[in-house]
Amino acid sequence: MKFGTFDIESTNWIHFEVLGFFDGQEYFTFWDIKKFLFHLNRKAYNGFRIYAHNGGKFDFLFIFQELLDRGWIERIIERQGRMIAIRCNTGKMSFTLCDSYAILPARLSKLSAAFNPRHKKLEMDYKAISAHDARTLKYLENDVLCLWEVLYDFFSYDFIVQPQLTIASQAMNTFRSKFFSGEITEMRIAHEEFIRKHYYSGGRVEMYKGYGRNIHVYDVNSLYPFVMLQPMPCGRMKVTDRYRKNKIGFYYIDIKKTPEWYISPLLHRGDKLTFLKGAGKYYVGSPTIDILHEQGVQFKVINGYYFESQETLFTDYVNSFFALKNKSKGTALYLIAKLFLNSLYGKFGAHRHREAIVQGTGYEEDTLLPSLGSNLASYGMVLIQEESRSKFIAPYLAAYITELARVHHFRLMNQHPEEMFYCDTDSLFTTAKYKTGTKIGELSLQGTYKEGVFLGNKTYALQNGKESKVAFRGFSSDDISFQQVKDALIHKVPIIQEREVLLSMRQCSTAVNVSREEGEFLKMRIQKKQTKTLDYDKRVTYPSKKFILDSTPHTQQTLKGI
């Protein structure tokens, strides 16, 4: 594959200073976007992929309007609000701008340390950036060459069969090409969507108590790869109105009564994932049914699906990359193996229908979606919906894997439920002591802290002497202290942050209240965030003398009252 790399340096976020570009042979510097695009418009770059790290949220925005003005953009591919690729055709040749963060989702400094390229990422005071400053130009050149060398090494590994645009697609391509020999069950799109809606969910993230001492933090070693070693559903999927023992299935059940669980295994999928106790109707997979049987919970199957057979689809894939990860610590292969282990299962849960922004000619009316609601239409761009025919879109696999992971996580926590303070997907924050190990699926101790404060999902602070760790969803945690989080819990003192943020391409198209702008697609906005203390609603919370606050699972009735 022919590819190049580029990077842009700017001041005050949106004021362009200089661009560096490496085509694999020669490095170029440009102080003008138009000259860079003029340089690209040559047959020598036909078919090139041109990467920028975090390009979809930064570098692409500087050249986006010029590409539109020239009519070069054929297609924009987005994932989760990020432009991951822009396919361009100049009339003379074509190339694709790609965001390398989508294929290697880590900071360039981390990639530089892991891959150890010849050109390392340098340190730079961004306040000192200047278009003709020698330090700026050296910093820029090293960034561009560092990224090229990292990508060259990545694409050179023998398990990279064909370079893809995202790490999930890359993992799937490797799995299909080198490891897959089983069977994927085909089903109607309506069944796919039903399973995705009712049975496919992410991991458990819950806050149980507000404050604790001597908090141990454990992680499960490669949780999702671990459960992928188990037999997977295969064969024909059949409809049933009763539980099928020893078969993998998905059920809609009616429960009249449950134990007074402190931590519940029953997931409710609403506006947010909530674990409930008590009577009600639930969508559950067979791993959760096993827990209900173990705990003597009576239920009635309303309807469901089960699979005729089961097969270990992922054993070779998981064992290969887990072994590679274990023997490659501190290297690029460790990072790559970890990414491959954790990225594959989600690809099976991909939606069959995807949106794309394209030049609006030659598309059937029924593929067109409502207007982008932006000035993109004035450039002839339209939003379309396309259908993938890949047989590897199999949400039942993604749903079963994620349920197995949640159940394994639950079983660990349920050994000491009253000593849990917080959990996040594959982690436990607890005062209990657990056995640890290095094998896949075992627990590893990440640290022990004298104090822990927990306000909500991905919002907590830990402290051990001078060492502290703060996570604060939606905030820049670098500027928040342990004491601030503690005061927010105990004294209800709100934490307030205000900062100027760069808007995405879509946000720019419909933006209001812009603080600064340079053109249609380089815009900034003042973002203000404030904590709302003690408003956690994923569980029923109540005051506690010992923990400041404690909680219990919602029932379907209390959940409706939120």
# chains A, B, ... in the order shown; residues from 1 in each chain; ligands from 1
$ closest_atom_pairs --of "stretch 162-197 of chain A" --to "stretch 270-288 of chain A" --cutoff "12 Å" --atoms "only C-alpha atoms" --output "CSV"
residue,atom,partner,partner_atom,distance
A:Phe194,CA,A:Tyr283,CA,11.0
A:Ile195,CA,A:Tyr283,CA,9.8
A:Arg196,CA,A:Tyr283,CA,11.5
A:Lys197,CA,A:Gly270,CA,10.0
$ write_last_selection --atoms "N, CA and C atoms" --output "PDB file, in the first residue's frame"
ATOM      1  N   PHE A 194     -33.499  -7.020  16.336  1.00  0.00           N
ATOM      2  CA  PHE A 194     -34.158  -7.369  17.599  1.00  0.00           C
ATOM      3  C   PHE A 194     -33.125  -7.801  18.632  1.00  0.00           C
ATOM      4  N   ILE A 195     -32.183  -8.640  18.224  1.00  0.00           N
ATOM      5  CA  ILE A 195     -31.153  -9.109  19.152  1.00  0.00           C
ATOM      6  C   ILE A 195     -30.245  -7.965  19.564  1.00  0.00           C
ATOM      7  N   ARG A 196     -29.890  -7.123  18.607  1.00  0.00           N
ATOM      8  CA  ARG A 196     -29.028  -5.987  18.942  1.00  0.00           C
ATOM      9  C   ARG A 196     -29.721  -5.060  19.931  1.00  0.00           C
ATOM     10  N   LYS A 197     -30.993  -4.811  19.733  1.00  0.00           N
ATOM     11  CA  LYS A 197     -31.739  -3.881  20.591  1.00  0.00           C
ATOM     12  C   LYS A 197     -31.926  -4.423  22.002  1.00  0.00           C
TER      13      LYS A 197
END
$ residues_around --residues "stretch 239-248 of chain A" --least-positions-apart "4" --cutoff "7 Å" --atoms "only C-alpha atoms" --output "VMD selection string"
chain A and resid 233 286 301 to 307
$ write_last_selection --atoms "N, CA and C atoms" --output "PDB file, in the first residue's frame"
ATOM      1  N   PRO A 233     -22.515 -19.653  20.162  1.00  0.00           N
ATOM      2  CA  PRO A 233     -23.710 -20.155  19.479  1.00  0.00           C
ATOM      3  C   PRO A 233     -23.475 -20.344  17.986  1.00  0.00           C
ATOM      4  N   SER A 286     -28.701 -16.974  28.147  1.00  0.00           N
ATOM      5  CA  SER A 286     -28.584 -18.195  28.946  1.00  0.00           C
ATOM      6  C   SER A 286     -27.551 -18.094  30.067  1.00  0.00           C
ATOM      7  N   VAL A 301     -40.675 -18.401  30.868  1.00  0.00           N
ATOM      8  CA  VAL A 301     -40.239 -17.958  29.547  1.00  0.00           C
ATOM      9  C   VAL A 301     -41.451 -17.524  28.737  1.00  0.00           C
ATOM     10  N   ILE A 302     -41.442 -16.273  28.311  1.00  0.00           N
ATOM     11  CA  ILE A 302     -42.522 -15.772  27.438  1.00  0.00           C
ATOM     12  C   ILE A 302     -42.233 -16.177  25.997  1.00  0.00           C
ATOM     13  N   ASN A 303     -41.027 -15.917  25.565  1.00  0.00           N
ATOM     14  CA  ASN A 303     -40.566 -16.381  24.256  1.00  0.00           C
ATOM     15  C   ASN A 303     -39.053 -16.266  24.216  1.00  0.00           C
ATOM     16  N   GLY A 304     -38.452 -16.773  23.161  1.00  0.00           N
ATOM     17  CA  GLY A 304     -36.999 -16.693  23.059  1.00  0.00           C
ATOM     18  C   GLY A 304     -36.468 -17.377  21.828  1.00  0.00           C
ATOM     19  N   TYR A 305     -35.141 -17.397  21.730  1.00  0.00           N
ATOM     20  CA  TYR A 305     -34.432 -18.060  20.643  1.00  0.00           C
ATOM     21  C   TYR A 305     -33.368 -18.966  21.255  1.00  0.00           C
ATOM     22  N   TYR A 306     -33.090 -20.070  20.590  1.00  0.00           N
ATOM     23  CA  TYR A 306     -31.938 -20.873  20.984  1.00  0.00           C
ATOM     24  C   TYR A 306     -31.246 -21.387  19.732  1.00  0.00           C
ATOM     25  N   PHE A 307     -29.970 -21.756  19.882  1.00  0.00           N
ATOM     26  CA  PHE A 307     -29.155 -22.207  18.748  1.00  0.00           C
ATOM     27  C   PHE A 307     -28.952 -23.711  18.833  1.00  0.00           C
TER      28      PHE A 307
END
$ residues_around --residues "A:Val540" --least-positions-apart "2" --cutoff "10 Å" --atoms "only C-alpha atoms" --output "NGL selection string"
:A and (208 or 536-538 or 542 or 550-555 or 558-559 or 562)
$ residues_around --residues "A:Ser156" --least-positions-apart "6" --cutoff "12 Å" --atoms "only C-alpha atoms" --output "PyMOL selection string"
chain A and resi 1+149-150+162-163+333
$ write_last_selection --atoms "N, CA and C atoms" --output "compact mmCIF listing (two decimals), in the first residue's frame"
# COMPACT_ATOMS: atom_id res chain seq x y z
N MET A 1 0.85 -1.19 0.00
CA MET A 1 0.00 0.00 0.00
C MET A 1 0.89 1.25 0.00
N GLU A 149 6.78 6.04 10.18
CA GLU A 149 7.56 4.86 10.58
C GLU A 149 6.74 3.91 11.46
N VAL A 150 5.90 4.46 12.33
CA VAL A 150 5.02 3.63 13.15
C VAL A 150 4.06 2.85 12.26
N GLN A 162 -4.49 -7.08 5.05
CA GLN A 162 -4.86 -5.96 4.20
C GLN A 162 -5.19 -4.77 5.09
N PRO A 163 -4.49 -3.65 4.96
CA PRO A 163 -4.73 -2.51 5.85
C PRO A 163 -6.18 -2.02 5.78
N LEU A 333 4.37 -4.74 19.87
CA LEU A 333 3.55 -5.94 19.75
C LEU A 333 2.61 -6.11 20.94
$ closest_residue --among "A:Pro543, A:Pro395, A:Pro117, A:Gly519" --to "A:Ile189" --atoms "only C-alpha atoms"
A:Pro395
$ select_by_dssp --residues "stretch 223-311 of chain A" --states "strand (DSSP E)" --output "PyMOL selection string"
chain A and resi 232-240+249-255+266-269+273-276+280-285+299-311
$ residues_around --residues "A:Arg352" --least-positions-apart "2" --cutoff "7 Å" --atoms "only C-alpha atoms" --output "PDB file with N, CA, C and O atoms, in the first residue's frame"
ATOM      1  N   ALA A 350     -21.825  -4.712  14.711  1.00  0.00           N
ATOM      2  CA  ALA A 350     -21.984  -3.526  13.873  1.00  0.00           C
ATOM      3  C   ALA A 350     -23.369  -3.477  13.240  1.00  0.00           C
ATOM      4  O   ALA A 350     -23.972  -4.512  12.938  1.00  0.00           O
ATOM      5  N   ARG A 354     -25.379   1.747   7.500  1.00  0.00           N
ATOM      6  CA  ARG A 354     -24.425   2.786   7.883  1.00  0.00           C
ATOM      7  C   ARG A 354     -24.671   4.052   7.076  1.00  0.00           C
ATOM      8  O   ARG A 354     -25.105   4.001   5.926  1.00  0.00           O
ATOM      9  N   GLU A 387     -26.395  -0.403   2.957  1.00  0.00           N
ATOM     10  CA  GLU A 387     -26.558  -1.684   3.633  1.00  0.00           C
ATOM     11  C   GLU A 387     -25.368  -2.589   3.349  1.00  0.00           C
ATOM     12  O   GLU A 387     -25.001  -2.813   2.194  1.00  0.00           O
ATOM     13  N   SER A 388     -24.758  -3.089   4.417  1.00  0.00           N
ATOM     14  CA  SER A 388     -23.657  -4.040   4.270  1.00  0.00           C
ATOM     15  C   SER A 388     -24.218  -5.443   4.112  1.00  0.00           C
ATOM     16  O   SER A 388     -25.204  -5.811   4.758  1.00  0.00           O
ATOM     17  N   ILE A 393     -21.482  -9.711  10.087  1.00  0.00           N
ATOM     18  CA  ILE A 393     -22.332  -8.924  10.986  1.00  0.00           C
ATOM     19  C   ILE A 393     -23.243  -9.927  11.674  1.00  0.00           C
ATOM     20  O   ILE A 393     -24.146 -10.498  11.073  1.00  0.00           O
TER      21      ILE A 393
END
$ residues_around --residues "stretch 425-438 of chain A" --least-positions-apart "5" --cutoff "6 Å" --atoms "only C-alpha atoms" --output "PyMOL selection string"
chain A and resi 203-205+215-220+419-420+443-444
$ atom_distance --atom1 "atom CA of A:Ile253" --atom2 "atom CA of A:Tyr345"
26.0 Å
$ select_by_dssp --residues "stretch 251-323 of chain A" --states "helix (DSSP H, G or I)" --output "list in words"
Ser286, Pro287, Thr288, Ile289, Asp290, Ile291, Leu292, His293, Glu294, Thr315, Asp316, Tyr317, Val318, Asn319, Ser320, Phe321, Phe322 and Ala323 of chain A
$ write_last_selection --atoms "N, CA and C atoms" --output "CSV table (one decimal), in the first residue's frame"
chain,number,residue,atom,x,y,z
A,286,SER,N,-28.7,-17.0,28.1
A,286,SER,CA,-28.6,-18.2,28.9
A,286,SER,C,-27.6,-18.1,30.1
A,287,PRO,N,-26.5,-17.3,30.0
A,287,PRO,CA,-25.6,-17.2,31.1
A,287,PRO,C,-26.2,-16.6,32.4
A,288,THR,N,-27.1,-15.6,32.1
A,288,THR,CA,-27.9,-15.0,33.3
A,288,THR,C,-28.9,-16.0,33.8
A,289,ILE,N,-29.5,-16.8,32.9
A,289,ILE,CA,-30.5,-17.8,33.3
A,289,ILE,C,-29.8,-18.8,34.3
A,290,ASP,N,-28.5,-19.1,34.0
A,290,ASP,CA,-27.7,-20.0,34.9
A,290,ASP,C,-27.7,-19.4,36.3
A,291,ILE,N,-27.4,-18.1,36.4
A,291,ILE,CA,-27.4,-17.5,37.7
A,291,ILE,C,-28.7,-17.5,38.4
A,292,LEU,N,-29.8,-17.3,37.7
A,292,LEU,CA,-31.1,-17.3,38.3
A,292,LEU,C,-31.4,-18.7,38.8
A,293,HIS,N,-31.0,-19.8,38.1
A,293,HIS,CA,-31.2,-21.1,38.6
A,293,HIS,C,-30.4,-21.4,39.9
A,294,GLU,N,-29.2,-20.9,39.9
A,294,GLU,CA,-28.3,-21.1,41.0
A,294,GLU,C,-28.9,-20.5,42.3
A,315,THR,N,-10.8,-19.6,19.8
A,315,THR,CA,-9.7,-20.1,20.6
A,315,THR,C,-8.3,-19.8,20.1
A,316,ASP,N,-8.1,-20.1,18.8
A,316,ASP,CA,-6.8,-19.9,18.2
A,316,ASP,C,-6.4,-18.4,18.2
A,317,TYR,N,-7.4,-17.6,17.8
A,317,TYR,CA,-7.2,-16.1,17.7
A,317,TYR,C,-6.8,-15.6,19.1
A,318,VAL,N,-7.6,-15.9,20.1
A,318,VAL,CA,-7.3,-15.4,21.5
A,318,VAL,C,-6.0,-15.9,22.0
A,319,ASN,N,-5.8,-17.2,21.9
A,319,ASN,CA,-4.6,-17.8,22.5
A,319,ASN,C,-3.3,-17.2,21.8
A,320,SER,N,-3.4,-17.0,20.5
A,320,SER,CA,-2.3,-16.4,19.8
A,320,SER,C,-1.9,-15.0,20.2
A,321,PHE,N,-2.9,-14.2,20.3
A,321,PHE,CA,-2.6,-12.8,20.6
A,321,PHE,C,-2.4,-12.6,22.1
A,322,PHE,N,-3.0,-13.4,23.0
A,322,PHE,CA,-2.7,-13.3,24.4
A,322,PHE,C,-1.3,-13.8,24.7
A,323,ALA,N,-0.8,-14.8,24.0
A,323,ALA,CA,0.6,-15.3,24.2
A,323,ALA,C,1.5,-14.2,23.7
$ closest_residue --among "A:Trp148, A:Phe175, A:Phe38, A:Tyr251" --to "A:Arg70" --atoms "only C-alpha atoms"
A:Phe38
$ closest_residue --among "A:Phe226, A:Leu40, A:Ile167, A:Met524" --to "A:Thr402" --atoms "only C-alpha atoms"
A:Phe226
$ closest_residue --among "A:Asp99, A:Glu193, A:Glu386, A:Glu9" --to "A:Leu151" --atoms "only C-alpha atoms"
A:Asp99
$ residues_around --residues "stretch 107-112 of chain A" --least-positions-apart "6" --cutoff "12 Å" --atoms "only C-alpha atoms" --output "VMD selection string"
chain A and resid 7 52 to 54 100 to 101 118 to 124 142 to 151 153 to 154 330 to 336
$ write_last_selection --atoms "N, CA, C and O atoms" --output "compact mmCIF listing (two decimals), in the first residue's frame"
# COMPACT_ATOMS: atom_id res chain seq x y z
N ASP A 7 0.93 16.44 9.10
CA ASP A 7 0.57 17.02 10.39
C ASP A 7 0.52 18.52 10.24
O ASP A 7 1.25 19.10 9.40
N ALA A 52 -3.20 11.32 9.00
CA ALA A 52 -2.88 12.31 10.04
C ALA A 52 -3.40 11.74 11.35
O ALA A 52 -4.51 11.21 11.40
N HIS A 53 -2.60 11.84 12.41
CA HIS A 53 -3.02 11.27 13.70
C HIS A 53 -3.98 12.23 14.38
O HIS A 53 -3.66 13.39 14.63
N ASN A 54 -5.19 11.72 14.67
CA ASN A 54 -6.31 12.52 15.16
C ASN A 54 -6.78 13.50 14.08
O ASN A 54 -7.38 14.53 14.39
N SER A 100 -5.24 8.10 11.40
CA SER A 100 -4.50 6.96 11.93
C SER A 100 -4.87 6.63 13.36
O SER A 100 -4.61 5.52 13.84
N TYR A 101 -5.52 7.58 14.06
CA TYR A 101 -5.97 7.28 15.43
C TYR A 101 -7.04 6.17 15.41
O TYR A 101 -7.17 5.41 16.36
N ARG A 118 12.75 5.44 14.33
CA ARG A 118 14.02 6.18 14.24
C ARG A 118 13.80 7.65 14.61
O ARG A 118 14.62 8.27 15.27
N HIS A 119 12.67 8.20 14.17
CA HIS A 119 12.32 9.58 14.53
C HIS A 119 11.32 9.54 15.68
O HIS A 119 10.21 9.06 15.51
N LYS A 120 11.74 10.00 16.84
CA LYS A 120 10.87 9.98 18.03
C LYS A 120 10.04 11.26 18.11
O LYS A 120 10.45 12.32 17.61
N LYS A 121 8.88 11.14 18.75
CA LYS A 121 8.10 12.34 19.00
C LYS A 121 8.85 13.20 20.02
O LYS A 121 9.31 12.70 21.05
N LEU A 122 8.95 14.51 19.75
CA LEU A 122 9.66 15.42 20.62
C LEU A 122 8.68 16.17 21.53
O LEU A 122 7.46 16.15 21.31
N GLU A 123 9.21 16.82 22.54
CA GLU A 123 8.40 17.68 23.42
C GLU A 123 8.39 19.09 22.85
O GLU A 123 9.37 19.54 22.26
N MET A 124 7.26 19.78 23.04
CA MET A 124 7.17 21.15 22.51
C MET A 124 6.20 21.96 23.35
O MET A 124 5.11 21.46 23.70
N ASN A 142 9.52 15.71 12.92
CA ASN A 142 9.63 14.47 13.69
C ASN A 142 8.26 13.81 13.88
O ASN A 142 8.14 12.59 13.82
N ASP A 143 7.22 14.60 14.12
CA ASP A 143 5.87 14.05 14.25
C ASP A 143 5.46 13.33 12.97
O ASP A 143 4.92 12.22 13.01
N VAL A 144 5.70 13.95 11.84
CA VAL A 144 5.28 13.38 10.56
C VAL A 144 6.06 12.10 10.25
O VAL A 144 5.47 11.08 9.86
N LEU A 145 7.37 12.14 10.44
CA LEU A 145 8.20 10.96 10.16
C LEU A 145 7.96 9.86 11.18
O LEU A 145 7.97 8.67 10.84
N CYS A 146 7.76 10.24 12.43
CA CYS A 146 7.46 9.26 13.48
C CYS A 146 6.19 8.48 13.12
O CYS A 146 6.17 7.24 13.19
N LEU A 147 5.13 9.19 12.73
CA LEU A 147 3.88 8.52 12.38
C LEU A 147 4.07 7.60 11.19
O LEU A 147 3.56 6.47 11.18
N TRP A 148 4.80 8.04 10.17
CA TRP A 148 5.02 7.20 8.98
C TRP A 148 5.75 5.91 9.37
O TRP A 148 5.37 4.81 8.94
N GLU A 149 6.78 6.04 10.18
CA GLU A 149 7.56 4.86 10.58
C GLU A 149 6.74 3.91 11.46
O GLU A 149 6.85 2.68 11.33
N VAL A 150 5.90 4.46 12.33
CA VAL A 150 5.02 3.63 13.15
C VAL A 150 4.06 2.85 12.26
O VAL A 150 3.89 1.63 12.41
N LEU A 151 3.41 3.53 11.32
CA LEU A 151 2.46 2.86 10.42
C LEU A 151 3.16 1.84 9.53
O LEU A 151 2.62 0.75 9.27
N ASP A 153 5.80 0.08 10.21
CA ASP A 153 6.07 -1.11 11.03
C ASP A 153 4.78 -1.89 11.28
O ASP A 153 4.76 -3.12 11.20
N PHE A 154 3.69 -1.17 11.59
CA PHE A 154 2.41 -1.83 11.88
C PHE A 154 1.93 -2.63 10.67
O PHE A 154 1.55 -3.81 10.79
N GLY A 330 6.06 -3.93 26.94
CA GLY A 330 6.95 -2.80 26.70
C GLY A 330 7.27 -2.57 25.24
O GLY A 330 8.08 -1.70 24.92
N THR A 331 6.65 -3.33 24.34
CA THR A 331 6.94 -3.20 22.91
C THR A 331 5.67 -2.87 22.14
O THR A 331 4.56 -2.91 22.68
N ALA A 332 5.86 -2.60 20.85
CA ALA A 332 4.72 -2.34 19.97
C ALA A 332 3.80 -3.55 19.88
O ALA A 332 2.57 -3.41 19.82
N LEU A 333 4.37 -4.74 19.87
CA LEU A 333 3.55 -5.94 19.75
C LEU A 333 2.61 -6.11 20.94
O LEU A 333 1.50 -6.64 20.79
N TYR A 334 3.03 -5.68 22.12
CA TYR A 334 2.15 -5.73 23.29
C TYR A 334 0.93 -4.85 23.05
O TYR A 334 -0.22 -5.28 23.28
N LEU A 335 1.15 -3.62 22.59
CA LEU A 335 0.05 -2.70 22.33
C LEU A 335 -0.87 -3.25 21.24
O LEU A 335 -2.10 -3.22 21.37
N ILE A 336 -0.29 -3.77 20.16
CA ILE A 336 -1.09 -4.29 19.04
C ILE A 336 -1.90 -5.50 19.49
O ILE A 336 -3.09 -5.61 19.18
$ decode --residues "stretch 512-524 of chain A" --atoms "C-alpha atoms" --output "mmCIF file, in the first residue's frame"
data_model
loop_
_atom_site.group_PDB
_atom_site.id
_atom_site.type_symbol
_atom_site.label_atom_id
_atom_site.label_comp_id
_atom_site.auth_asym_id
_atom_site.auth_seq_id
_atom_site.Cartn_x
_atom_site.Cartn_y
_atom_site.Cartn_z
ATOM 1 C CA VAL A 512 -24.417 28.531 17.252
ATOM 2 C CA ASN A 513 -22.779 30.573 20.011
ATOM 3 C CA VAL A 514 -19.353 30.257 18.398
ATOM 4 C CA SER A 515 -16.553 31.975 20.307
ATOM 5 C CA ARG A 516 -14.005 32.110 17.468
ATOM 6 C CA GLU A 517 -13.879 30.925 13.869
ATOM 7 C CA GLU A 518 -11.726 30.926 10.744
ATOM 8 C CA GLY A 519 -13.909 29.807 7.869
ATOM 9 C CA GLU A 520 -16.886 27.461 7.893
ATOM 10 C CA PHE A 521 -15.187 24.433 9.440
ATOM 11 C CA LEU A 522 -12.771 25.841 12.002
ATOM 12 C CA LYS A 523 -14.853 26.974 14.937
ATOM 13 C CA MET A 524 -14.487 27.146 18.694
#
